[in-house]
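Heads up, the thing below is written out as structure tokens.
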Amino acid sequence: MVKKLSEMKPGEVGTVVAINGSGNIKHRLVDMGVVPGTAVRVMKYAPLADPVEIKVKNFELSLRVSEAQMIEIEVQ
Amino acid sequence: MADNTHTKIEVALAGNPNCGKTSIFNNMTGSRQHVGNYAGVTVEKKVGDAKIDGHDIEIIDLPGTYSLTARSLDELAARNVIINENPELIANVVDASNLERNLYLTAQLIELEQPLLLVLNMVDVAKEMGLQFNVKKLEELTGSTVVETIGRSNKGTEDALRGIVKVSKERKIPNVRVNYGDVLEPAIAELEAEVAKLDTGRYPHRWVAIKLLEQDTDILEKVQELDKSGAVLSKAEALRTELNKSVDMDIVFQEYRHRFAVDVFNGVLEVVPEHKDSKSDNIDKILTNRWLGIPIFLFIMWVMFYLVINVAEYPKGWLEDAFKLLTEFIGANMDDGLLKSLINDGIIGGVGAVISFIPHIVLLFVCISFLEDTGYMARAAFVIDRVMRGVGLHGKSFIPMLLGFGCNVPSIMGARILDNPRDRMITILVSPFMSCSARLPVYTLLAAAFFAPEDAPTILLGIYVLGIIVAVVTAKVLRTYVFKGAAEPFVMEMPPYHMPTLRSVGIHMWERSVMYLKKAGTFILAASILIWFLTSFPQDVEYSKDYDAAKAEVTAMHEQKADSILDEAQLANDEDKDKVSAIYDQMLALDEEHKDDPKDEEEEATAEDATQDGAEAADEKEEVEEPAYFEELKAEELYPVAWNLYVNHKAEEDEIKELDLQQGKEKIEQSYAAQIGHFIEPVTEPLGFNWRVNIAVVAAVAAKEVMISTLGTIYAIEASEDDSTTLQEFLANDPDFTPSIGLGLMVFALLYLPCLATMAVLKRETDSWKWFGAVFAYTSILAWVGAYLAVHIGRALGLG
């Protein structure tokens, strides 16, 4: 099932399918390793529910929910 | 370049943030570092020297980056050094515990076609995680030389330096390529052939071709200059359009670089570790916990604020005491005059002002490097980002803004923790509106003078809140109109938790303090001398009377009186006279000893007497209370005689002081500062500030608390930030002042030009006179408008 990264719950695991949008944010995400085909695990949300912390390529990344909305994940 | 042993080997040190590059740099260069800026941009450039086996090495520490695009100043600066400064090699620090991601930058460095040394760092952490790599294979797959290091415990530093020497001698360009696949490669080759017709200097043709296809703005501009016929650019455009049909040109190159990194990583990995929850994950579960996260964050912020602002006050006090002693020493040993005033009030005052910030700065950078090195900084931003984003700022901005309530100087310097230049600039520009602790005594004085004690706290709170509102609005305006453009990504790495080393904290702290002294210090000193000049010149003022003669008269009169006291006492012999003078000397000695004691009520009472009639108060003050510490002397038979002498002496001191204060008042009223005060009076008139208040406003540019002592001088009374009770009475009784004007002055003190030291670091951190001027103008206008509204709203509310 494909859903947005921002819709995933902590502990859920999936694979990046696509990154929507364009510009600096998209480039930054890709530079940091969020590329199609990469495994992603949602670690947790911040106390105020935004940003969200994920694990990619064995390291942790924090991104705002608005940025997580751009990422489509095939959830296992 | 013929003999390598006698020329410096130049190395560019590249690497991801959090890969341990800084500790490698520190290990290699020790204290032989200097910090500057890259030409034209506010990206910091660190250069250091190292030595190994008789070879001199110069290391340029590039900004830590994940990539080398033209999208960020840091990344652009890093790649421009590699291309334009033509280092003999690139040393790429890679984190062995996070190798796959780190190799993504390596892929981009390989494309720059320079000799490459891979410094495989944190091999201990990788080992602990169960990772094992084939180093030979890594050399082969990246076309580089590999050395292993543990930066935190300074292991492998010499190997790394020898590696630099070896690579610089071999001058071997990596013989590997990032493969962009069957669709892109033919296009790259086609464009590369076109690019080869241009003289691209040090820019590798293949790399330029790739960057053109990627629409790299910097390379597009550069090629535009070279490509007179436009053949290359139109070719690139055509290829892009064609390729766009089959691939996502936005990210396809990045994807292949990641594929390269993955391939190298899988090729060198010998043991695949089992996944288990790391220690870091467990710490993180607590520190960013849903319920505990914010309380822990607030607690850590409180500790930091306490250290940087409150604890720093102790060493600051010692430094100030030392300077006071020096001033007293010079005061006692130099003739009164211009030079003495210059040294004491101008130079020592200025140097003292510069030095007194050092404890704050040292502790600030201890805290910042601790937070950054441990990895908590990223978590702090994670926890509070939601709040800061509301005002268009980054989570990390919270820290400098908070520090602003203590002192704007560490606040502005602390804005360095922000990676994105836009966030950093906005944070710097709004920090001065956080009411610093130096403004507090000004507020309390004015609140106490014009408002009922029960209203004062509300007024104070209101002023602080007003500062925050102005900061938030300013940030919004700057974000919307000045620093506009596409949204900046927040995407941020959360590095694993580490225990920081004393060495790295120490070096960071030292570097910042020296930079502050060098860059901001000279500015503060010069400006302090200027303010001194404005308030103490011209020297040849016309006084209403001859103060020197008046003081001589006072002295003569009291000497006479002392003689008559002794005569009246009808002392029997010289021995008794000696006794009297011995007791008298002891009294003065005791006075000296107790001069720093807290004021007793009696003195307060005399202060109130003085209020009723400034000039003649001294004469009325005949009652001198016996200090309690004279008790031990009272047993002496001749104590009453000595006591009369003492009273006489006190009266003389008071009268002289009164004359001094009067003289000071007359002098400052004719100073250049007063002339400025007169000059700007038409502007401040709607605010109800007369030229006397303007003098205080001008002088307080040096530091906000100076407003109190200057107002004191103007009213010819003693006043300091620690004790302004007398001044409070004078202000309350001054017919030119009303509560509304007092409120206006508070708002003005909040908003107008932050102190000199703040302006100095603001200039230094923005590296721009333009912003310096803009802040000058903006704060002045804002202060005027704010004070105007405060005064008129106050009047409308019937404050008077």
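Note on naming: chains are A, B, ... as they come in the structure tokens, residues start from 1 per chain, ligands start from 1 in the order shown.
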
Query raised in the report: What residues in chain B lie within 10 Å of chain A, counting only C-alpha atoms, written as number ranges by chain?
Result: B: 66-69, 71-72, 97-102, 104-105, 250-252, 254-259, 262, 275, 281, 285, 288-294, 378-379, 381-387, 389, 395, 486-496

Expected file: the selected residues, C-alpha atoms, as a tab-separated table (two decimals), in the first residue's frame:
```tsv
chain	number	residue	atom	x	y	z
B	66	TYR	CA	26.46	16.40	2.31
B	67	SER	CA	26.70	17.41	-1.31
B	68	LEU	CA	28.38	19.86	-3.69
B	69	THR	CA	25.54	21.66	-5.42
B	71	ARG	CA	22.13	25.45	-3.90
B	72	SER	CA	23.88	26.34	-0.69
B	97	SER	CA	30.01	3.99	11.05
B	98	ASN	CA	27.89	5.72	8.42
B	99	LEU	CA	29.86	4.85	5.33
B	100	GLU	CA	27.14	4.48	2.76
B	101	ARG	CA	25.82	8.00	3.12
B	102	ASN	CA	29.32	9.50	3.41
B	104	TYR	CA	27.71	10.01	-1.64
B	105	LEU	CA	29.92	13.07	-1.16
B	250	ASP	CA	15.45	16.66	-11.21
B	251	ILE	CA	17.02	13.82	-9.29
B	252	VAL	CA	18.32	11.22	-11.70
B	254	GLN	CA	21.68	12.16	-7.56
B	255	GLU	CA	20.13	8.70	-7.76
B	256	TYR	CA	23.07	7.34	-9.71
B	257	ARG	CA	25.52	8.83	-7.26
B	258	HIS	CA	23.66	7.10	-4.47
B	259	ARG	CA	23.80	3.91	-6.50
B	262	VAL	CA	25.65	1.73	-2.38
B	275	HIS	CA	20.47	-4.78	13.72
B	281	ASP	CA	18.34	5.17	20.23
B	285	LYS	CA	13.74	7.69	23.58
B	288	THR	CA	12.81	13.49	22.77
B	289	ASN	CA	10.03	11.64	24.53
B	290	ARG	CA	6.53	12.86	23.88
B	291	TRP	CA	5.96	13.96	27.47
B	292	LEU	CA	9.47	14.45	28.78
B	293	GLY	CA	10.96	16.04	25.66
B	294	ILE	CA	9.83	19.58	26.30
B	378	ALA	CA	19.67	18.65	16.67
B	379	ARG	CA	17.24	17.22	19.24
B	381	ALA	CA	15.70	21.91	17.25
B	382	PHE	CA	13.53	18.81	16.78
B	383	VAL	CA	11.61	19.42	19.98
B	384	ILE	CA	10.96	23.16	19.60
B	385	ASP	CA	10.82	23.60	15.83
B	386	ARG	CA	7.04	23.63	15.76
B	387	VAL	CA	7.01	26.76	17.95
B	389	ARG	CA	8.35	27.80	12.73
B	395	GLY	CA	14.05	25.32	15.74
B	486	ALA	CA	11.78	29.30	-2.00
B	487	ALA	CA	11.30	27.65	1.35
B	488	GLU	CA	14.48	26.28	2.87
B	489	PRO	CA	14.52	22.62	3.74
B	490	PHE	CA	14.46	21.78	7.42
B	491	VAL	CA	15.68	18.23	6.71
B	492	MET	CA	18.33	17.68	9.33
B	493	GLU	CA	20.51	14.81	10.42
B	494	MET	CA	20.12	13.62	14.01
B	495	PRO	CA	23.67	12.54	14.75
B	496	PRO	CA	24.29	9.73	17.25
```

Query - Non-local contacts of A:Glu72 (8 Å; only C-alpha atoms; under 4 positions in same chain excluded) as a PyMOL selection string - result: chain A and resi 2-5+16-20

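We find atom CA of B:Trp302 and atom CA of B:Leu429 to be spaced 23.2 Å apart.
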
All residues 10 Å or closer to B:Glu158, only C-alpha atoms, same chain fewer than 4 positions away omitted, as a compact mmCIF listing (two decimals) with N, CA and C atoms, in the first residue's frame:
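So selection-v5.txt came out as:
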```txt
# COMPACT_ATOMS: atom_id res chain seq x y z
N ASN B 27 43.34 17.70 15.28
CA ASN B 27 44.45 16.79 15.56
C ASN B 27 45.64 17.08 14.66
N MET B 28 45.36 17.39 13.41
CA MET B 28 46.45 17.61 12.45
C MET B 28 47.15 18.94 12.69
N LYS B 51 52.78 19.53 10.06
CA LYS B 51 54.13 19.15 9.66
C LYS B 51 54.28 17.66 9.86
N ILE B 52 54.89 16.97 8.88
CA ILE B 52 55.21 15.56 9.08
C ILE B 52 56.46 15.22 8.27
N ASP B 53 57.39 14.53 8.90
CA ASP B 53 58.62 14.08 8.23
C ASP B 53 59.27 15.19 7.40
N VAL B 147 43.29 5.84 4.57
CA VAL B 147 43.93 5.71 5.89
C VAL B 147 42.82 5.61 6.94
N THR B 149 41.46 6.31 10.87
CA THR B 149 41.71 7.18 12.03
C THR B 149 40.58 7.02 13.07
N ASN B 154 42.45 10.85 18.87
CA ASN B 154 43.67 11.27 18.18
C ASN B 154 44.52 10.08 17.73
N ARG B 162 50.88 11.36 6.68
CA ARG B 162 51.77 10.66 5.73
C ARG B 162 51.00 10.32 4.46
N GLY B 163 49.73 9.97 4.63
CA GLY B 163 48.88 9.68 3.47
C GLY B 163 48.79 10.90 2.56
N ILE B 164 48.68 12.08 3.16
CA ILE B 164 48.61 13.32 2.38
C ILE B 164 49.88 13.49 1.56
```

Report task. Looking only at alpha helix (DSSP H) from DSSP on the backbone, list the matching residues of chain A as a PyMOL selection string. Result -> chain A and resi 23-31+65-68

Quick one: write out the picked residues with C-alpha atoms as a PDB file, in the first residue's frame?
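Dumped to part.pdb:
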```pdb
ATOM      1  CA  GLY A  23      13.256  22.734  -5.780  1.00  0.00           C
ATOM      2  CA  ASN A  24      15.603  22.878  -2.832  1.00  0.00           C
ATOM      3  CA  ILE A  25      13.592  20.664  -0.518  1.00  0.00           C
ATOM      4  CA  LYS A  26      13.413  17.814  -2.994  1.00  0.00           C
ATOM      5  CA  HIS A  27      17.112  18.088  -3.755  1.00  0.00           C
ATOM      6  CA  ARG A  28      18.023  18.168  -0.114  1.00  0.00           C
ATOM      7  CA  LEU A  29      15.951  15.078   0.602  1.00  0.00           C
ATOM      8  CA  VAL A  30      17.613  13.205  -2.224  1.00  0.00           C
ATOM      9  CA  ASP A  31      21.071  14.420  -1.178  1.00  0.00           C
ATOM     10  CA  VAL A  65       5.583  17.078   8.312  1.00  0.00           C
ATOM     11  CA  SER A  66       5.141  19.398   5.312  1.00  0.00           C
ATOM     12  CA  GLU A  67       8.301  17.872   3.857  1.00  0.00           C
ATOM     13  CA  ALA A  68       7.234  14.329   4.733  1.00  0.00           C
TER      14      ALA A  68
END
```
